[in-house]
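Data from structure.txt: compact mmCIF, C-alpha atoms
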# COMPACT_ATOMS: atom_id res chain seq x y z
CA MET X 1 -86.49 -53.57 95.03
CA GLY X 2 -85.88 -52.18 98.52
CA LEU X 3 -82.70 -52.81 100.51
CA TYR X 4 -84.38 -55.43 102.69
CA GLU X 5 -85.59 -57.29 99.62
CA GLU X 6 -82.07 -57.12 98.17
CA LEU X 7 -80.65 -58.71 101.32
CA GLN X 8 -83.15 -61.50 100.85
CA ALA X 9 -82.26 -61.88 97.17
CA ARG X 10 -78.57 -62.13 98.08
CA GLY X 11 -79.33 -65.06 100.38
CA LEU X 12 -78.37 -63.30 103.60
CA ILE X 13 -81.50 -63.39 105.73
CA ALA X 14 -82.41 -66.66 107.43
CA GLN X 15 -85.12 -65.58 109.89
CA VAL X 16 -86.32 -62.44 111.63
CA THR X 17 -88.62 -61.15 114.31
CA ASP X 18 -91.12 -58.39 113.46
CA GLU X 19 -90.45 -58.63 109.74
CA GLU X 20 -92.71 -55.78 108.58
CA ASP X 21 -91.20 -53.34 111.08
CA ILE X 22 -87.70 -54.44 110.15
CA ARG X 23 -88.44 -54.09 106.44
CA GLU X 24 -89.73 -50.55 106.95
CA LEU X 25 -86.79 -49.41 109.09
CA VAL X 26 -84.15 -50.90 106.78
CA ASN X 27 -85.73 -49.66 103.55
CA GLU X 28 -86.22 -46.15 104.94
CA GLY X 29 -82.69 -45.97 106.36
CA LYS X 30 -83.93 -45.63 109.94
CA ALA X 31 -82.30 -48.69 111.49
CA THR X 32 -79.57 -48.30 114.09
CA PHE X 33 -78.18 -51.81 114.27
CA TYR X 34 -75.26 -53.64 115.79
CA ILE X 35 -73.13 -56.66 114.99
CA GLY X 36 -70.74 -58.08 117.58
CA PHE X 37 -67.11 -59.03 116.97
CA ASP X 38 -65.37 -61.30 119.48
CA PRO X 39 -61.66 -60.34 119.78
CA THR X 40 -60.27 -63.89 119.84
CA ALA X 41 -57.40 -63.02 117.45
CA ASP X 42 -55.47 -59.95 116.32
CA SER X 43 -57.11 -59.94 112.89
CA LEU X 44 -60.58 -60.21 111.44
CA HIS X 45 -61.22 -63.17 109.13
CA VAL X 46 -63.55 -64.13 106.29
CA GLY X 47 -66.51 -64.74 108.62
CA HIS X 48 -66.19 -61.12 109.76
CA PHE X 49 -65.79 -60.00 106.14
CA MET X 50 -69.34 -61.17 105.43
CA ALA X 51 -70.60 -59.13 108.38
CA LEU X 52 -68.66 -56.07 107.23
CA CYS X 53 -70.18 -56.36 103.75
CA LEU X 54 -73.64 -56.34 105.33
CA MET X 55 -72.81 -53.30 107.47
CA LYS X 56 -71.52 -51.44 104.42
CA ARG X 57 -74.67 -52.26 102.42
CA LEU X 58 -76.94 -51.04 105.21
CA GLN X 59 -74.86 -47.90 105.77
CA MET X 60 -75.04 -47.09 102.06
CA GLY X 61 -78.83 -47.26 102.48
CA GLY X 62 -78.77 -44.59 105.22
CA ASN X 63 -78.83 -46.94 108.21
CA LYS X 64 -76.41 -46.52 111.13
CA PRO X 65 -74.07 -49.39 112.07
CA ILE X 66 -72.65 -50.03 115.51
CA ALA X 67 -69.62 -52.31 115.55
CA LEU X 68 -69.59 -53.83 119.03
CA VAL X 69 -66.17 -55.14 119.97
CA GLY X 70 -66.40 -57.74 122.71
CA GLY X 71 -63.70 -56.60 125.08
CA GLY X 72 -65.95 -57.68 127.97
CA THR X 73 -67.55 -60.85 126.59
CA GLY X 74 -64.11 -61.84 125.32
CA MET X 75 -63.18 -62.34 128.98
CA ILE X 76 -65.79 -65.12 129.05
CA GLY X 77 -65.81 -66.73 125.60
CA ASP X 78 -68.77 -67.66 123.42
CA PRO X 79 -69.63 -71.40 123.65
CA SER X 80 -71.47 -71.35 120.30
CA GLY X 81 -70.28 -74.02 117.91
CA ARG X 82 -67.55 -75.28 120.24
CA THR X 83 -66.84 -78.63 121.86
CA ASP X 84 -64.34 -77.23 124.34
CA MET X 85 -63.81 -74.08 126.35
CA ARG X 86 -61.93 -71.23 124.69
CA GLN X 87 -58.46 -70.50 126.02
CA MET X 88 -58.66 -67.70 128.56
CA MET X 89 -57.10 -64.48 127.28
CA THR X 90 -55.53 -61.71 129.34
CA ARG X 91 -57.06 -58.25 129.34
CA GLU X 92 -53.94 -56.95 127.58
CA THR X 93 -54.33 -59.46 124.73
CA ILE X 94 -58.02 -58.64 124.36
CA ASN X 95 -57.30 -54.89 124.26
CA HIS X 96 -54.60 -55.42 121.63
CA ASN X 97 -56.97 -57.48 119.47
CA CYS X 98 -59.69 -54.84 119.80
CA GLU X 99 -57.28 -52.16 118.54
CA CYS X 100 -56.37 -54.33 115.54
CA PHE X 101 -60.08 -54.77 114.76
CA LYS X 102 -60.64 -51.02 114.84
CA LYS X 103 -57.99 -50.38 112.20
CA GLN X 104 -59.38 -53.03 109.86
CA MET X 105 -63.01 -51.99 110.29
CA SER X 106 -62.18 -48.33 109.68
CA ARG X 107 -61.01 -49.21 106.18
CA PHE X 108 -64.41 -50.66 105.46
CA ILE X 109 -67.00 -48.71 107.44
CA ASP X 110 -67.38 -44.91 107.38
CA PHE X 111 -67.16 -43.80 111.02
CA SER X 112 -67.06 -40.08 110.23
CA GLU X 113 -69.63 -37.54 111.39
CA GLY X 114 -71.68 -39.99 113.44
CA LYS X 115 -72.36 -42.27 110.44
CA ALA X 116 -71.32 -45.31 112.48
CA LEU X 117 -70.13 -46.14 115.98
CA MET X 118 -67.50 -48.44 117.36
CA VAL X 119 -68.27 -49.49 120.93
CA ASN X 120 -66.50 -51.84 123.34
CA ASN X 121 -68.71 -53.76 125.77
CA ALA X 122 -65.87 -53.76 128.29
CA ASP X 123 -67.06 -50.22 129.05
CA TRP X 124 -70.09 -51.57 130.91
CA LEU X 125 -69.42 -55.27 131.54
CA LEU X 126 -66.09 -55.15 133.38
CA ASP X 127 -67.30 -52.85 136.15
CA LEU X 128 -70.65 -54.54 136.75
CA ASN X 129 -71.85 -55.32 140.24
CA TYR X 130 -72.53 -59.01 139.70
CA VAL X 131 -75.25 -59.32 142.32
CA GLU X 132 -77.05 -56.35 140.80
CA LEU X 133 -76.73 -57.93 137.35
CA LEU X 134 -78.27 -61.16 138.63
CA ARG X 135 -81.19 -59.23 140.10
CA GLU X 136 -81.77 -56.84 137.20
CA VAL X 137 -80.97 -59.10 134.25
CA GLY X 138 -80.58 -62.70 135.39
CA SER X 139 -84.10 -62.76 136.81
CA HIS X 140 -85.48 -62.52 133.26
CA PHE X 141 -83.81 -65.79 132.12
CA THR X 142 -84.87 -69.31 133.04
CA VAL X 143 -82.26 -72.05 133.26
CA ASN X 144 -84.51 -74.43 131.32
CA ARG X 145 -84.78 -71.96 128.45
CA MET X 146 -81.03 -71.37 128.36
CA LEU X 147 -80.20 -75.08 128.39
CA ALA X 148 -82.53 -75.57 125.44
CA ALA X 149 -80.37 -73.25 123.33
CA GLU X 150 -78.37 -75.12 120.70
CA CYS X 151 -75.09 -73.44 121.67
CA TYR X 152 -75.38 -74.91 125.19
CA LYS X 153 -76.77 -78.30 124.16
CA GLN X 154 -73.68 -78.92 122.02
CA ARG X 155 -71.46 -78.50 125.08
CA TRP X 156 -73.64 -80.19 127.69
CA GLU X 157 -72.14 -83.68 127.32
CA LYS X 158 -68.50 -82.58 127.55
CA GLY X 159 -69.02 -79.98 130.21
CA LEU X 160 -70.13 -76.37 130.12
CA SER X 161 -68.42 -74.03 132.55
CA PHE X 162 -70.51 -71.65 134.64
CA LEU X 163 -68.40 -68.86 133.17
CA GLU X 164 -69.60 -69.69 129.65
CA PHE X 165 -73.14 -70.21 130.88
CA ASN X 166 -73.26 -66.47 131.57
CA TYR X 167 -72.55 -65.58 127.94
CA MET X 168 -76.21 -65.34 126.91
CA ILE X 169 -76.93 -62.96 129.79
CA MET X 170 -73.91 -60.80 128.89
CA GLN X 171 -74.84 -60.62 125.19
CA SER X 172 -78.45 -59.84 126.02
CA TYR X 173 -77.32 -57.07 128.36
CA ASP X 174 -75.20 -55.69 125.49
CA PHE X 175 -78.30 -55.14 123.36
CA TYR X 176 -80.13 -53.58 126.30
CA ARG X 177 -77.28 -51.10 126.90
CA LEU X 178 -76.92 -50.28 123.20
CA TYR X 179 -80.68 -49.70 123.01
CA GLN X 180 -80.62 -47.42 126.07
CA ASP X 181 -77.39 -45.56 125.36
CA TYR X 182 -77.32 -45.30 121.55
CA GLY X 183 -80.88 -45.88 120.35
CA CYS X 184 -79.91 -49.21 118.79
CA ASN X 185 -83.17 -50.82 117.64
CA MET X 186 -81.90 -53.84 115.74
CA GLN X 187 -79.28 -56.56 116.01
CA PHE X 188 -77.82 -58.83 113.34
CA GLY X 189 -75.94 -62.07 113.77
CA GLY X 190 -75.23 -65.52 112.42
CA ASP X 191 -77.71 -68.33 112.75
CA ASP X 192 -75.70 -69.90 115.59
CA GLN X 193 -76.43 -66.74 117.62
CA TRP X 194 -80.22 -66.86 117.34
CA SER X 195 -80.89 -67.85 120.98
CA ASN X 196 -78.57 -65.15 122.32
CA MET X 197 -80.12 -62.51 120.07
CA LEU X 198 -83.66 -63.42 121.08
CA GLY X 199 -82.54 -63.13 124.69
CA GLY X 200 -81.55 -59.51 124.13
CA THR X 201 -84.80 -58.65 122.35
CA GLU X 202 -86.87 -60.21 125.13
CA LEU X 203 -84.82 -58.53 127.86
CA ILE X 204 -85.52 -55.08 126.42
CA ARG X 205 -89.23 -55.76 126.12
CA ARG X 206 -89.50 -57.21 129.62
CA LYS X 207 -87.67 -54.34 131.25
CA LEU X 208 -89.07 -51.51 129.13
CA GLY X 209 -92.43 -52.84 128.02
CA LYS X 210 -93.69 -54.95 125.13
CA ASN X 211 -93.82 -51.96 122.82
CA ALA X 212 -90.09 -51.31 123.13
CA TYR X 213 -88.69 -51.03 119.62
CA ALA X 214 -86.06 -53.80 119.49
CA MET X 215 -85.80 -56.38 116.75
CA THR X 216 -83.62 -59.22 115.62
CA ILE X 217 -82.46 -60.43 112.23
CA ASN X 218 -80.83 -63.82 111.88
CA LEU X 219 -78.45 -64.00 108.94
CA LEU X 220 -76.45 -66.69 107.23
CA LEU X 221 -73.27 -64.85 108.13
CA THR X 222 -71.45 -66.95 110.69
CA SER X 223 -72.41 -70.40 109.44
CA GLU X 224 -71.45 -69.58 105.86
CA GLY X 225 -68.26 -67.93 107.01
CA LYS X 226 -67.23 -71.07 108.89
CA LYS X 227 -67.68 -73.17 105.76
CA MET X 228 -65.49 -70.79 103.81
CA GLY X 229 -62.15 -69.22 104.50
CA LYS X 230 -60.25 -72.37 105.47
CA THR X 231 -56.87 -72.81 103.81
CA GLN X 232 -53.95 -75.15 104.36
CA LYS X 233 -52.47 -72.49 106.64
CA GLY X 234 -55.68 -72.20 108.67
CA ALA X 235 -58.17 -69.34 108.67
CA LEU X 236 -58.34 -66.86 105.80
CA TRP X 237 -57.36 -63.61 107.55
CA LEU X 238 -57.98 -60.03 106.45
CA ASP X 239 -54.55 -58.94 107.74
CA PRO X 240 -52.11 -58.99 104.76
CA ASN X 241 -49.33 -60.11 107.11
CA LYS X 242 -51.29 -63.27 107.87
CA THR X 243 -52.90 -63.90 104.46
CA THR X 244 -51.23 -62.06 101.59
CA PRO X 245 -53.40 -60.29 98.99
CA TYR X 246 -52.26 -62.91 96.45
CA GLU X 247 -53.28 -65.79 98.75
CA PHE X 248 -56.58 -64.03 99.41
CA TYR X 249 -57.16 -63.59 95.65
CA GLN X 250 -56.23 -67.20 94.87
CA TYR X 251 -58.58 -68.56 97.54
CA TRP X 252 -61.61 -66.96 95.86
CA ARG X 253 -60.27 -67.73 92.37
CA ASN X 254 -60.19 -71.43 93.26
CA ILE X 255 -63.55 -71.63 95.05
CA GLY X 256 -65.90 -74.46 94.08
CA ASP X 257 -68.25 -74.01 91.12
CA ALA X 258 -71.30 -74.43 93.38
CA ASP X 259 -70.27 -71.51 95.62
CA VAL X 260 -69.15 -68.83 93.17
CA ILE X 261 -72.55 -67.19 92.52
CA LYS X 262 -73.52 -67.35 96.18
CA CYS X 263 -70.26 -65.60 97.11
CA LEU X 264 -70.72 -62.96 94.42
CA LYS X 265 -74.10 -62.14 95.94
CA MET X 266 -72.89 -62.05 99.55
CA LEU X 267 -69.39 -60.61 99.25
CA THR X 268 -69.37 -58.18 96.35
CA PHE X 269 -71.23 -55.01 95.45
CA LEU X 270 -71.94 -56.05 91.88
CA SER X 271 -75.60 -55.54 91.03
CA LEU X 272 -77.92 -58.52 91.10
CA GLU X 273 -78.42 -57.95 87.36
CA GLU X 274 -74.68 -58.31 86.70
CA ILE X 275 -74.54 -61.43 88.85
CA ALA X 276 -77.55 -62.89 87.01
CA GLU X 277 -75.57 -62.63 83.76
CA LEU X 278 -72.60 -64.42 85.34
CA GLU X 279 -74.96 -67.09 86.64
CA LYS X 280 -75.60 -68.13 83.03
CA LEU X 281 -71.99 -69.25 82.62
CA GLU X 282 -71.29 -72.97 82.66
CA GLY X 283 -68.30 -75.30 82.68
CA SER X 284 -64.92 -73.67 82.11
CA GLN X 285 -66.66 -70.33 81.47
CA LEU X 286 -67.30 -70.15 85.22
CA ASN X 287 -63.62 -69.24 85.57
CA LYS X 288 -64.57 -65.75 84.39
CA ALA X 289 -67.01 -65.42 87.31
CA LYS X 290 -64.35 -66.71 89.72
CA GLU X 291 -61.83 -64.16 88.48
CA ILE X 292 -64.36 -61.39 89.01
CA LEU X 293 -65.14 -62.70 92.51
CA ALA X 294 -61.44 -62.88 93.38
CA PHE X 295 -60.75 -59.36 92.11
CA GLU X 296 -63.77 -57.74 93.77
CA THR X 297 -63.22 -59.35 97.18
CA THR X 298 -59.50 -58.58 97.16
CA LYS X 299 -60.22 -54.98 96.14
CA LEU X 300 -62.64 -54.56 99.05
CA ILE X 301 -60.15 -55.79 101.65
CA HIS X 302 -56.76 -54.77 100.28
CA GLY X 303 -57.53 -52.01 97.78
CA GLU X 304 -57.61 -51.91 93.99
CA GLU X 305 -53.83 -51.68 93.54
CA GLU X 306 -53.18 -54.88 95.52
CA ALA X 307 -56.05 -56.61 93.71
CA LYS X 308 -54.47 -55.75 90.36
CA LYS X 309 -51.08 -57.03 91.53
CA ALA X 310 -52.65 -60.31 92.69
CA GLN X 311 -54.48 -60.64 89.38
CA GLU X 312 -51.28 -60.02 87.41
CA SER X 313 -49.41 -62.58 89.51
CA ALA X 314 -52.09 -65.19 88.84
CA LYS X 315 -51.93 -64.47 85.10
CA ALA X 316 -48.16 -64.74 85.14
CA LEU X 317 -48.22 -68.12 86.85
CA PHE X 318 -51.20 -69.72 85.19
CA GLY X 319 -51.86 -67.82 81.97
CA GLY X 320 -48.44 -66.64 80.84
CA GLY X 321 -47.59 -63.36 79.23
CA ALA X 322 -47.64 -61.23 82.38
CA SER X 323 -44.96 -59.99 84.76
CA LEU X 324 -43.71 -62.20 87.60
CA GLU X 325 -42.78 -59.10 89.60
CA ASN X 326 -45.72 -59.36 91.99
CA VAL X 327 -45.66 -63.13 92.49
CA PRO X 328 -45.54 -63.94 96.25
CA THR X 329 -41.90 -64.22 97.25
CA THR X 330 -40.04 -65.84 100.12
CA LYS X 331 -36.61 -64.34 100.77
CA LEU X 332 -34.07 -66.68 102.32
CA ASP X 333 -30.83 -65.63 103.97
CA GLU X 334 -27.63 -67.54 104.59
CA SER X 335 -28.78 -68.78 107.99
CA ASP X 336 -31.53 -70.81 106.27
CA PHE X 337 -28.88 -72.96 104.56
CA THR X 338 -26.64 -75.70 105.92
CA ASP X 339 -23.37 -76.04 104.06
CA GLY X 340 -24.87 -73.90 101.32
CA GLU X 341 -27.99 -76.05 100.84
CA ILE X 342 -31.58 -76.24 102.08
CA ASN X 343 -33.59 -79.47 102.10
CA ILE X 344 -36.75 -79.48 99.98
CA LEU X 345 -38.93 -80.19 103.04
CA ASP X 346 -37.47 -77.24 104.95
CA LEU X 347 -37.88 -75.07 101.87
CA LEU X 348 -41.59 -75.91 101.54
CA VAL X 349 -42.22 -75.05 105.20
CA LYS X 350 -40.11 -71.88 105.03
CA ALA X 351 -42.07 -70.75 101.96
CA SER X 352 -45.40 -71.47 103.74
CA LEU X 353 -46.27 -73.99 101.03
CA ALA X 354 -46.67 -76.69 103.69
CA PRO X 355 -47.64 -76.28 107.35
CA SER X 356 -45.19 -78.92 108.58
CA LYS X 357 -42.33 -81.13 107.41
CA SER X 358 -44.54 -84.22 107.60
CA GLU X 359 -47.08 -82.57 105.28
CA ALA X 360 -44.23 -81.44 103.00
CA ARG X 361 -42.96 -85.03 102.89
CA ARG X 362 -46.38 -86.29 101.77
CA ASN X 363 -46.55 -83.58 99.09
CA VAL X 364 -43.17 -84.63 97.67
CA GLN X 365 -43.88 -88.36 97.85
CA GLN X 366 -47.19 -87.87 96.05
CA GLY X 367 -45.49 -86.02 93.20
CA GLY X 368 -47.08 -82.67 93.97
CA VAL X 369 -43.90 -80.56 94.21
CA SER X 370 -41.78 -79.06 91.46
CA ILE X 371 -39.01 -76.48 91.10
CA ASP X 372 -38.88 -74.43 87.91
CA GLY X 373 -41.19 -76.98 86.29
CA GLU X 374 -39.11 -80.04 87.28
CA LYS X 375 -40.93 -82.52 89.53
CA ILE X 376 -39.21 -83.36 92.83
CA THR X 377 -39.87 -86.88 94.18
CA ASP X 378 -36.88 -87.38 96.52
CA VAL X 379 -37.57 -86.14 100.05
CA SER X 380 -33.82 -85.76 100.64
CA ALA X 381 -33.38 -83.46 97.63
CA ALA X 382 -31.71 -80.13 98.39
CA VAL X 383 -31.45 -76.74 96.73
CA SER X 384 -28.17 -74.85 96.73
CA MET X 385 -27.88 -71.21 97.69
CA ASP X 386 -25.46 -70.59 94.80
CA ASN X 387 -27.92 -72.01 92.27
CA ILE X 388 -30.68 -69.67 93.45
CA ARG X 389 -28.32 -66.70 93.32
CA GLU X 390 -27.13 -67.57 89.83
CA LYS X 391 -30.71 -67.73 88.54
CA GLY X 392 -31.86 -64.74 90.54
CA SER X 393 -34.82 -66.77 91.80
CA ILE X 394 -36.50 -70.16 91.53
CA MET X 395 -40.21 -70.98 91.35
CA VAL X 396 -41.46 -73.65 93.75
CA ARG X 397 -44.89 -75.17 93.18
CA ARG X 398 -47.01 -77.37 95.46
CA GLY X 399 -50.10 -78.88 93.88
CA LYS X 400 -51.71 -77.12 90.96
CA LYS X 401 -52.29 -73.69 92.45
CA ALA X 402 -49.72 -72.89 95.18
CA TYR X 403 -46.56 -71.11 93.98
CA LYS X 404 -43.73 -69.21 95.65
CA LYS X 405 -40.80 -67.36 94.11
CA ILE X 406 -37.66 -68.01 96.17
CA THR X 407 -34.79 -65.56 96.36
CA VAL X 408 -31.71 -65.23 98.53

Can you turn what I pasted into structure tokens?
Amino acid sequence: MGLYEELQARGLIAQVTDEEDIRELVNEGKATFYIGFDPTADSLHVGHFMALCLMKRLQMGGNKPIALVGGGTGMIGDPSGRTDMRQMMTRETINHNCECFKKQMSRFIDFSEGKALMVNNADWLLDLNYVELLREVGSHFTVNRMLAAECYKQRWEKGLSFLEFNYMIMQSYDFYRLYQDYGCNMQFGGDDQWSNMLGGTELIRRKLGKNAYAMTINLLLTSEGKKMGKTQKGALWLDPNKTTPYEFYQYWRNIGDADVIKCLKMLTFLSLEEIAELEKLEGSQLNKAKEILAFETTKLIHGEEEAKKAQESAKALFGGGASLENVPTTKLDESDFTDGEINILDLLVKASLAPSKSEARRNVQQGGVSIDGEKITDVSAAVSMDNIREKGSIMVRRGKKAYKKITV
């Protein structure tokens, strides 16, 4: 099985242009491809994780990745999959987010000795002569064709700004510049990006001739990533300061039965033969596959040591017989207490076990909160600072799976 066929077997490829040429380039390690990353936050998230896994697979097969950070397009905002306009970010915020991306990607992709490139489209987009762009690039796009794109149709009723309307032209120009400057002959993206990606392929062929070597692969990256990676706290981030390794591990450990094999194929580097064996598991035996998924994904993002700590913490909380040393901990100080006590609702929010006091109230009223195994049903209940100090720590649980060790 070639690399292209393996991508298909892992359920990644949705549709392509020029399939035979793409298959040959990928399998022979001759593809120079790019995937774009919009710097809308200061951390990558699970949707990006899927893209990074793909880049790593292709690089291991001899192909050359280009990680395109959207410092320029980030000034506009991608309308895909949105019902409102993105909040405008300052150039300083975008630059900061781009730097954060670089650090996270470098842990995953080998950028040494020209094996991969990291490029920022601000380098060519921010200094463009707009009139020249309209003449050289805009003339190759029809308004009718752009309005037919799904990403624009979704916004048409509520209002699509002219700023966002330029996004397809900007992204298409990205591919053209990467093709010209770096020999990039292929682009990958989620299925909500198909129209934008086709725009780039067509722009290259119109400006440089129909035989220009530029191809597009549409993957199930973005759409699948949007379905996954949502927690009570929001997005599942790759930054350990936003989503701890334990929280990351527990998310994958608790994933639905129907998704575990699909995620093993997309997000781990286990062989398809190993995954086929896990696919035979049924019922409670599927927990073994979930534990493997949780460990492998956490190891990829946070390293093997953190993955082992997260695994040990989960065993300590749910299986017994292991150390509680690495259980996620919230440390309180005296300022968190009033007259030596902290209300249970404040404690749940402080420990990030509930996003708000109203949500914490519902959790308590529904009987989903306990301290050291004792259920708490009174929303006015309080925990004393002296009691925590005497015990050394207390264990607060919300629901069946969310735990925090509390110390002072």

Original post:
Within 10 Å of stretch 164-175 of chain X, counting all atoms listed in the file, which residues qualify if same-chain residues fewer than 2 places away don't, as a count of residues only?
Top reply: 59

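Nearest to X:Ala258 of all the residues X:Ala14, X:Leu281, X:Leu238, X:Ala382 is X:Leu281, counting all atoms listed in the file.
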
Subject >> Pick from X:Ala310, X:Leu126, X:Cys263, X:Leu347 nearest to X:Leu332, counting only C-alpha atoms >> reply: X:Leu347

**OP:** Could you jot down the atom CA of X:Leu264 to atom CA of X:Gly47 separation for me, Å, one decimal place?
**Re:** 14.9 Å

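Nearest residue to X:Thr330 among X:Met385, X:Val408, X:Ile376, X:Ile301 is X:Val408, counting all atoms listed in the file.
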
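When the distance limit is 9 Å and all atoms listed in the file are what count, the residues near X:Asn97, minus those fewer than 3 positions from it on the same chain, are Pro39, Thr40, Ala41, Asp42, Ser43, Gly71, Glu92, Thr93, Ile94, Cys100, Phe101 and Lys102 of chain X.
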